[in-house]
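The file target16.txt contains compact mmCIF, C-alpha atoms:
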# COMPACT_ATOMS: atom_id res chain seq x y z
CA MET A 7 225.48 219.42 -106.66
CA PRO A 8 222.47 219.49 -109.00
CA VAL A 9 221.62 216.59 -111.28
CA TYR A 10 218.68 216.32 -113.61
CA LYS A 11 216.10 213.76 -114.72
CA ASP A 12 215.75 213.08 -118.41
CA GLU A 13 212.04 212.30 -118.51
CA LYS A 14 212.12 211.18 -122.13
CA ARG A 15 214.86 208.58 -121.64
CA LYS A 16 214.03 207.85 -117.98
CA THR A 17 217.67 208.42 -117.02
CA TRP A 18 219.68 211.00 -115.08
CA TYR A 19 222.33 213.45 -116.21
CA CYS A 20 224.62 216.05 -114.69
CA ALA A 21 225.63 219.43 -116.11
CA PHE A 22 228.10 221.73 -114.35
CA ARG A 23 230.90 224.22 -114.81
CA TYR A 24 234.55 223.83 -113.80
CA LYS A 25 237.96 225.36 -114.49
CA ASP A 26 240.52 223.38 -116.47
CA TRP A 27 244.28 223.30 -115.84
CA THR A 28 244.73 226.65 -117.65
CA GLY A 29 242.12 228.35 -115.46
CA THR A 30 239.59 228.53 -118.28
CA SER A 31 235.95 228.11 -117.28
CA CYS A 32 234.37 225.12 -119.02
CA GLN A 33 231.01 223.37 -119.03
CA HIS A 34 230.60 219.60 -118.85
CA LYS A 35 227.54 217.41 -119.33
CA LYS A 36 227.20 213.66 -118.95
CA ARG A 37 224.03 211.67 -119.70
CA GLY A 38 222.78 208.13 -119.34
CA PHE A 39 222.93 207.41 -115.59
CA ALA A 40 220.40 204.88 -114.33
CA LYS A 41 220.33 206.41 -110.85
CA LYS A 42 220.51 209.93 -109.45
CA SER A 43 223.27 208.84 -107.07
CA GLU A 44 225.40 207.64 -110.01
CA ALA A 45 225.18 211.05 -111.67
CA GLN A 46 226.14 212.77 -108.42
CA GLU A 47 229.07 210.42 -107.86
CA TYR A 48 230.33 211.03 -111.41
CA GLU A 49 230.27 214.80 -110.89
CA ARG A 50 232.09 214.57 -107.56
CA ASP A 51 234.83 212.39 -108.99
CA PHE A 52 235.17 214.50 -112.14
CA LEU A 53 235.72 217.65 -110.08
CA LYS A 54 238.23 215.89 -107.82
CA LYS A 55 240.15 214.79 -110.89
CA GLN A 56 240.19 218.31 -112.25
CA SER A 57 241.43 219.70 -108.97
CA GLY A 58 244.21 217.12 -108.77
CA SER A 59 243.06 215.83 -105.41
CA CYS A 60 244.26 212.39 -104.39
CA ASP A 61 240.91 211.55 -102.86
CA MET A 62 239.70 210.92 -106.42
CA ALA A 63 238.83 207.33 -107.30
CA PHE A 64 241.75 205.13 -108.38
CA GLY A 65 239.96 204.59 -111.70
CA SER A 66 240.07 208.33 -112.37
CA MET A 67 243.78 208.43 -111.59
CA VAL A 68 244.30 205.61 -114.10
CA GLU A 69 242.47 207.67 -116.74
CA LEU A 70 244.88 210.55 -116.14
CA TYR A 71 247.86 208.19 -116.15
CA MET A 72 246.84 206.51 -119.40
CA GLU A 73 246.13 209.85 -121.07
CA ASP A 74 249.69 210.87 -120.19
CA CYS A 75 251.10 207.55 -121.46
CA LYS A 76 249.26 207.59 -124.77
CA SER A 77 251.40 210.27 -126.39
CA ARG A 78 254.63 208.78 -125.03
CA LEU A 79 254.30 205.07 -125.85
CA ARG A 80 254.19 203.02 -129.02
CA PRO A 81 250.62 201.87 -129.79
CA THR A 82 251.47 198.23 -129.09
CA THR A 83 253.05 199.09 -125.73
CA TYR A 84 250.08 201.27 -124.81
CA GLU A 85 247.55 198.54 -125.64
CA GLY A 86 249.51 195.97 -123.65
CA LYS A 87 249.63 198.30 -120.66
CA LYS A 88 245.90 199.03 -120.95
CA TYR A 89 244.99 195.34 -121.08
CA LEU A 90 247.08 194.57 -118.01
CA ILE A 91 245.61 197.43 -115.99
CA ASP A 92 242.02 196.75 -117.06
CA SER A 93 242.19 193.03 -116.33
CA LYS A 94 244.48 192.74 -113.31
CA ILE A 95 244.49 196.05 -111.43
CA LEU A 96 241.27 198.02 -111.91
CA PRO A 97 238.94 195.24 -110.68
CA ALA A 98 240.58 195.48 -107.25
CA PHE A 99 241.14 199.24 -106.87
CA LYS A 100 238.88 201.12 -109.32
CA ASP A 101 236.41 202.65 -106.85
CA LEU A 102 238.78 203.22 -103.92
CA PRO A 103 240.07 206.76 -103.25
CA VAL A 104 243.74 206.85 -104.22
CA ASN A 105 244.87 208.17 -100.83
CA ALA A 106 242.84 205.51 -99.01
CA ILE A 107 244.74 202.59 -100.56
CA THR A 108 247.23 201.29 -98.02
CA ALA A 109 250.12 198.85 -98.14
CA ALA A 110 247.84 196.31 -96.44
CA THR A 111 245.31 196.73 -99.26
CA VAL A 112 248.04 196.09 -101.81
CA ARG A 113 249.31 193.03 -99.90
CA LYS A 114 245.84 191.46 -99.99
CA TRP A 115 245.70 192.06 -103.74
CA GLN A 116 249.16 190.54 -104.17
CA ASN A 117 248.16 187.45 -102.22
CA LYS A 118 245.13 186.92 -104.45
CA LEU A 119 247.38 187.04 -107.50
CA LEU A 120 249.81 184.59 -105.91
CA ASP A 121 246.98 182.18 -105.06
CA ASP A 122 245.12 182.59 -108.37
CA GLU A 123 244.33 179.28 -110.05
CA ALA A 124 245.79 180.67 -113.28
CA GLU A 125 249.24 180.22 -111.66
CA TYR A 126 250.81 183.28 -113.23
CA ALA A 127 254.49 183.08 -114.12
CA PRO A 128 256.81 184.85 -111.64
CA THR A 129 257.93 187.29 -114.34
CA TYR A 130 254.29 188.18 -115.13
CA LEU A 131 253.53 188.74 -111.44
CA LYS A 132 256.51 191.11 -111.31
CA THR A 133 255.20 193.00 -114.34
CA ILE A 134 251.69 193.39 -112.86
CA ASN A 135 253.02 194.63 -109.53
CA ASN A 136 255.43 197.05 -111.20
CA GLN A 137 252.55 198.53 -113.17
CA LEU A 138 250.54 199.23 -110.02
CA SER A 139 253.61 200.85 -108.47
CA ALA A 140 254.09 203.00 -111.59
CA ILE A 141 250.55 204.39 -111.24
CA PHE A 142 251.16 205.32 -107.61
CA ASN A 143 254.50 206.91 -108.53
CA TYR A 144 252.65 209.01 -111.11
CA ALA A 145 250.19 210.08 -108.41
CA ARG A 146 253.06 211.01 -106.09
CA ARG A 147 254.95 213.00 -108.69
CA TYR A 148 252.08 214.97 -110.18
CA TYR A 149 249.17 214.86 -107.72
CA GLY A 150 250.78 215.02 -104.31
CA LEU A 151 250.22 211.48 -103.06
CA SER A 152 252.32 211.23 -99.92
CA VAL A 153 253.47 207.62 -100.21
CA ASN A 154 253.47 204.79 -102.74
CA PRO A 155 251.67 201.92 -100.95
CA ALA A 156 252.91 199.38 -103.52
CA ALA A 157 256.52 200.27 -102.69
CA VAL A 158 255.80 199.86 -98.97
CA ALA A 159 254.07 196.52 -99.59
CA GLY A 160 257.11 195.17 -101.42
CA SER A 161 257.41 193.33 -104.70
CA ILE A 162 256.23 189.93 -105.86
CA GLY A 163 257.45 187.69 -108.65
CA LYS A 164 260.86 187.59 -110.28
CA LYS A 165 262.63 189.77 -112.83
CA ASN A 166 264.05 186.86 -114.82
CA ALA A 167 262.53 183.53 -115.71
CA GLU A 168 263.92 180.43 -114.02
CA ALA A 169 265.11 178.91 -117.29
CA MET A 170 265.09 180.22 -120.83
CA GLN A 171 263.41 177.99 -123.38
CA PHE A 172 265.03 177.59 -126.78
CA TRP A 173 265.55 175.08 -129.57
CA THR A 174 268.77 173.54 -130.72
CA THR A 175 269.43 173.45 -134.47
CA ASP A 176 268.37 169.80 -134.60
CA GLU A 177 265.10 170.56 -132.83
CA PHE A 178 264.38 173.42 -135.19
CA GLN A 179 265.04 171.26 -138.25
CA LEU A 180 262.47 168.74 -137.00
CA PHE A 181 259.95 171.54 -136.40
CA ALA A 182 260.63 173.15 -139.80
CA ALA A 183 260.03 169.83 -141.56
CA ALA A 184 256.72 169.50 -139.73
CA VAL A 185 255.42 172.88 -140.97
CA SER A 186 256.92 172.62 -144.46
CA ASP A 187 253.49 171.67 -145.83
CA LYS A 188 252.60 175.37 -145.47
CA PRO A 189 255.08 177.55 -147.42
CA ALA A 190 254.23 180.64 -145.34
CA ALA A 191 254.87 178.91 -142.01
CA TYR A 192 258.07 177.34 -143.35
CA ALA A 193 259.41 180.69 -144.58
CA ILE A 194 258.32 182.55 -141.43
CA PHE A 195 259.94 180.24 -138.88
CA ASN A 196 263.11 179.82 -140.90
CA THR A 197 263.42 183.61 -141.02
CA LEU A 198 262.83 183.93 -137.30
CA PHE A 199 265.28 181.17 -136.37
CA TRP A 200 268.15 182.15 -138.69
CA THR A 201 267.96 185.94 -138.16
CA GLY A 202 266.69 186.41 -134.58
CA MET A 203 264.32 189.21 -135.59
CA ARG A 204 261.22 189.91 -133.53
CA SER A 205 257.90 188.55 -134.80
CA GLY A 206 256.51 192.07 -135.26
CA GLU A 207 259.55 192.98 -137.36
CA LEU A 208 259.09 189.88 -139.49
CA LEU A 209 255.37 190.54 -140.08
CA ALA A 210 256.20 194.06 -141.30
CA LEU A 211 258.78 192.86 -143.85
CA THR A 212 258.36 193.62 -147.54
CA LEU A 213 260.31 192.13 -150.42
CA ASN A 214 261.92 195.55 -150.84
CA ASP A 215 263.55 195.00 -147.44
CA VAL A 216 265.43 191.96 -148.77
CA ASN A 217 268.60 192.64 -150.76
CA PHE A 218 269.41 189.36 -152.49
CA GLU A 219 272.68 190.65 -153.94
CA ALA A 220 274.06 192.06 -150.68
CA LYS A 221 272.52 189.12 -148.76
CA THR A 222 270.89 191.39 -146.19
CA ILE A 223 267.47 192.08 -144.67
CA SER A 224 266.68 195.63 -143.48
CA ILE A 225 264.60 196.05 -140.32
CA THR A 226 262.87 199.43 -140.54
CA LYS A 227 259.39 198.88 -139.09
CA SER A 228 257.19 196.66 -136.95
CA TYR A 229 253.68 195.25 -137.36
CA ALA A 230 250.87 194.87 -134.82
CA ARG A 231 247.13 194.25 -134.88
CA ILE A 232 245.41 196.83 -132.68
CA ASN A 233 241.65 197.13 -132.30
CA SER A 234 241.09 195.03 -135.44
CA GLU A 235 243.36 197.25 -137.52
CA ASP A 236 246.80 196.60 -139.03
CA VAL A 237 249.33 199.06 -137.62
CA ILE A 238 252.84 199.57 -139.01
CA SER A 239 255.06 201.56 -136.66
CA PRO A 240 258.78 202.29 -136.17
CA PRO A 241 260.88 199.53 -134.60
CA LYS A 242 260.87 199.04 -130.83
CA THR A 243 263.97 201.17 -130.17
CA PRO A 244 266.40 203.25 -132.28
CA LYS A 245 268.90 200.35 -132.26
CA SER A 246 266.16 198.05 -133.56
CA ARG A 247 266.50 199.76 -136.94
CA ARG A 248 269.27 197.62 -138.43
CA VAL A 249 270.50 195.51 -141.34
CA ILE A 250 270.83 191.75 -140.80
CA THR A 251 272.99 189.52 -142.95
CA ALA A 252 271.20 186.41 -144.22
CA PRO A 253 272.60 183.03 -145.33
CA ASP A 254 272.08 181.91 -148.93
CA PHE A 255 269.71 179.07 -148.03
CA LEU A 256 267.38 181.47 -146.18
CA LEU A 257 267.36 183.89 -149.12
CA ASP A 258 266.44 180.95 -151.37
CA ILE A 259 263.52 180.10 -149.05
CA LEU A 260 262.27 183.70 -149.17
CA LYS A 261 262.68 183.90 -152.94
CA ASP A 262 260.74 180.66 -153.40
CA TYR A 263 257.96 181.83 -151.07
CA ALA A 264 257.64 185.25 -152.76
CA GLY A 265 257.50 183.53 -156.15
CA ARG A 266 254.37 181.67 -155.06
CA LEU A 267 252.44 184.84 -154.20
CA VAL A 268 249.79 186.06 -156.64
CA ASP A 269 249.48 189.76 -157.55
CA TYR A 270 252.11 190.65 -154.99
CA GLU A 271 253.85 194.05 -154.98
CA PRO A 272 257.36 194.24 -153.44
CA SER A 273 256.28 197.18 -151.25
CA GLU A 274 253.50 195.12 -149.62
CA ARG A 275 253.87 192.98 -146.51
CA LEU A 276 255.55 189.72 -147.43
CA PHE A 277 253.71 187.78 -144.72
CA GLU A 278 250.15 189.08 -144.46
CA TYR A 279 249.39 187.27 -141.21
CA THR A 280 249.01 188.12 -137.53
CA LYS A 281 250.78 186.77 -134.46
CA HIS A 282 247.77 184.51 -133.95
CA PHE A 283 248.78 182.60 -137.09
CA LEU A 284 252.32 182.23 -135.76
CA GLN A 285 251.07 180.86 -132.44
CA ASN A 286 248.77 178.36 -134.13
CA GLU A 287 251.53 177.14 -136.44
CA MET A 288 253.92 176.90 -133.51
CA ALA A 289 251.47 174.64 -131.66
CA ARG A 290 250.79 172.57 -134.78
CA GLY A 291 254.46 172.12 -135.64
CA CYS A 292 255.43 171.15 -132.08
CA LYS A 293 252.65 168.58 -131.85
CA LYS A 294 253.47 167.10 -135.25
CA SER A 295 257.25 166.99 -134.76
CA GLY A 296 257.33 166.10 -131.07
CA VAL A 297 259.80 168.86 -130.16
CA LYS A 298 259.22 170.74 -126.93
CA LYS A 299 256.76 173.62 -127.18
CA ILE A 300 258.24 177.09 -126.79
CA ARG A 301 256.87 180.58 -127.33
CA VAL A 302 257.20 182.30 -130.69
CA HIS A 303 259.50 184.86 -129.00
CA ASP A 304 261.70 182.00 -127.81
CA VAL A 305 262.71 181.35 -131.42
CA ARG A 306 264.61 184.65 -131.10
CA HIS A 307 266.32 183.27 -127.97
CA SER A 308 267.14 180.14 -129.98
CA HIS A 309 268.99 182.26 -132.55
CA ALA A 310 270.94 184.04 -129.81
CA SER A 311 271.84 180.69 -128.25
CA LEU A 312 273.08 179.46 -131.64
CA LEU A 313 275.30 182.52 -132.10
CA ILE A 314 276.76 182.06 -128.61
CA GLU A 315 277.46 178.40 -129.34
CA LEU A 316 279.24 179.43 -132.55
CA GLY A 317 281.49 181.75 -130.53
CA PHE A 318 280.28 185.18 -131.68
CA SER A 319 280.90 188.15 -129.38
CA PRO A 320 278.17 189.71 -127.22
CA LEU A 321 278.59 193.00 -129.13
CA LEU A 322 277.86 191.38 -132.48
CA ILE A 323 274.89 189.49 -131.04
CA SER A 324 273.56 192.70 -129.48
CA GLU A 325 273.74 194.51 -132.82
CA ARG A 326 272.13 191.63 -134.72
CA LEU A 327 269.24 191.33 -132.27
CA GLY A 328 268.69 195.10 -132.19
CA HIS A 329 269.22 195.48 -128.45
CA GLU A 330 269.51 199.06 -127.25
CA ASN A 331 272.78 198.28 -125.46
CA ILE A 332 275.12 195.36 -124.87
CA GLU A 333 274.08 195.20 -121.19
CA THR A 334 270.66 193.92 -122.28
CA THR A 335 272.31 191.10 -124.21
CA LEU A 336 274.61 190.17 -121.33
CA GLU A 337 271.78 190.24 -118.76
CA THR A 338 269.54 188.11 -120.96
CA TYR A 339 272.04 185.52 -122.16
CA ALA A 340 274.93 185.56 -119.68
CA HIS A 341 273.98 182.13 -118.35
CA LEU A 342 274.42 180.65 -121.85
CA TYR A 343 278.04 181.68 -122.13
CA PRO A 344 280.51 178.89 -121.13
CA ASP A 345 282.63 179.29 -118.02
CA LYS A 346 285.97 180.61 -119.31
CA HIS A 347 287.76 180.95 -115.96
CA GLY A 348 289.57 177.63 -116.28
CA GLU A 349 290.61 178.49 -119.81
CA VAL A 350 292.14 181.77 -118.56
CA SER A 351 294.37 180.00 -116.04
CA ASP A 352 295.44 177.38 -118.61
CA LYS A 353 296.50 180.06 -121.08
CA LEU A 354 298.41 181.98 -118.38
CA ASP A 355 300.23 178.77 -117.46
CA ALA A 356 301.12 178.16 -121.09
CA LEU A 357 302.44 181.72 -121.42
CA TYR A 358 304.47 181.55 -118.20
CA ALA A 359 306.05 178.07 -118.40
CA PRO A 360 308.39 178.38 -121.44
CA LYS A 361 309.93 181.61 -120.08
CA ASN A 362 310.37 180.60 -116.45
CA ASN A 363 311.01 176.84 -116.42
CA PRO A 364 314.80 176.27 -116.80
CA LYS A 365 314.21 172.57 -117.45
CA ALA A 366 311.94 173.29 -120.41
CA ASP A 367 313.42 172.27 -123.76
CA LYS A 368 314.36 175.54 -125.47
CA ASN A 369 314.63 173.83 -128.82
CA PRO A 370 311.84 171.29 -128.93
CA GLY A 371 312.37 170.81 -132.64
CA ASN A 372 315.93 169.53 -132.09
CA SER A 373 315.40 165.87 -131.24
CA GLU A 374 317.55 162.80 -131.89
Structure encoded using structure tokens:
Amino acid sequence: MPVYKDEKRKTWYCAFRYKDWTGTSCQHKKRGFAKKSEAQEYERDFLKKQSGSCDMAFGSMVELYMEDCKSRLRPTTYEGKKYLIDSKILPAFKDLPVNAITAATVRKWQNKLLDDEAEYAPTYLKTINNQLSAIFNYARRYYGLSVNPAAVAGSIGKKNAEAMQFWTTDEFQLFAAAVSDKPAAYAIFNTLFWTGMRSGELLALTLNDVNFEAKTISITKSYARINSEDVISPPKTPKSRRVITAPDFLLDILKDYAGRLVDYEPSERLFEYTKHFLQNEMARGCKKSGVKKIRVHDVRHSHASLLIELGFSPLLISERLGHENIETTLETYAHLYPDKHGEVSDKLDALYAPKNNPKADKNPGNSE
């Protein structure tokens, strides 16, 4: 396994030939290694990765996994996955051969996460562990790994949060008054609370998306900030592309806000901010108003809670929120629906009694 010294740069490099997945002979060169052993290790691992052997380093398997994911995921989803893997998984497993990672190794990693002083939320722990399991499943399916050690180790965390945080209408009104000194923040949070749209959908809105005559807002795109660049992409799912009805007072707020903008074109983003601005304004408004602090995404839950309280059906709520199916709505908000079992029995009693009680007054309107 020859490697070479770059006398000019005082570093090492490797240059070798290999066959790619089509059987084509290729040449590869990599420079800049501080040590000869580093260049040799890079070549060994590169060739293992090309051969599909599961004794490649876990970090190399992640590279293959992420390359596969990149063309299949939305940019925002991909970046979120990359951050989670880079920060929570690779530090523990990067240099270990994939087929040398055991369930015991995974359990030790899980215990460190559980004992971490950051005190990760149970739902976040579940997400991290699921991601590690997904990488091993990829290795099993496409590279012949015999067993998924994360599956053997078992899961950690919880699928659903203990309690959903949301604001009542009164709490929101207090918050809205606190941020009303900034027209953008006032318009943004009113839109989020009274429509239930996602923050990325809101930040992608243009004035062309608002139909003041039909009293609707069209959701056709989503905004994200990725690698210091503004990215406009399709909505999260096909059902996320939708038209939301808007109350008159919200349309008035949007019209007033748009009227304050200078040199604004209706095809441009109405709110030229990032999620960082939303988070800062959320913290400021909560502190100023005294209402409990919730996440920006919880404003969406607040809208769903309001619709449930008003008696709207799960199907309508699902369509308004842009859920892919009604099951998502029911799983997320089932605990907010009132217990109707007692009401069922009362209505059955009311239906049964007049027809089957001979003592019942058949002409209750005929009284002395």
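With all atoms listed in the file as the atoms that count, the residue of A:Leu209, A:Val297, A:Ile225, A:Ile141 with the shortest distance to A:Leu70 is A:Ile141.
Comparing A:Lys11, A:Arg248, A:Lys54, A:Arg306 by their smallest distance to A:Arg37, the closest is A:Lys11 (using all atoms listed in the file).
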Worksheet item: Can you list, as number ranges by chain, every protein, DNA or RNA residue that comes within 8 Å of stretch 191-198 of chain A when you count only C-alpha atoms, leaving out same-chain residues fewer than 4 positions away?
Response: A: 182-183, 185-187, 202-205, 208, 256, 259-260, 263, 277, 284, 287, 305-306, 309
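If only C-alpha atoms are the atoms counted, then among A:Thr174, A:Asp12, A:Asp121, A:Arg80 the closest residue to A:Val237 is A:Arg80.
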Item to complete: Could you give me, as a VMD selection string, the residues within 8 Å of A:Glu85, counting only C-alpha atoms and dropping anything in the same chain fewer than 4 positions from it?
Response: chain A and resid 81 89 232
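Around A:Phe52, within 12 Å and counting all atoms listed in the file, the residues found are Cys20, Ala21, Phe22, Arg23, Tyr24, Lys25, Asp26, Gln33, His34, Lys35, Lys36, Ala45, Gln46, Glu47, Tyr48, Gln56, Ser57, Gly58, Ser59, Asp61, Met62, Ala63, Gly65, Ser66, Met67, Glu69 and Leu70 of chain A, once anything fewer than 4 positions away on its own chain is removed.
Here the question is which of A:Leu131, A:Phe199, A:Asn217, A:Glu349 gets nearest to A:Trp115 using all atoms listed in the file, and that residue is A:Leu131.
Shortest atom-to-atom contact with A:Ser43 among A:Ser161, A:Thr17, A:Ser93, A:Thr133: A:Thr17, counting all atoms listed in the file.
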Fill in: Closest of A:Arg266, A:Lys298, A:Arg231, A:Arg290 to A:Asp176 - atom-to-atom distances counting all atoms listed in the file
A:Lys298
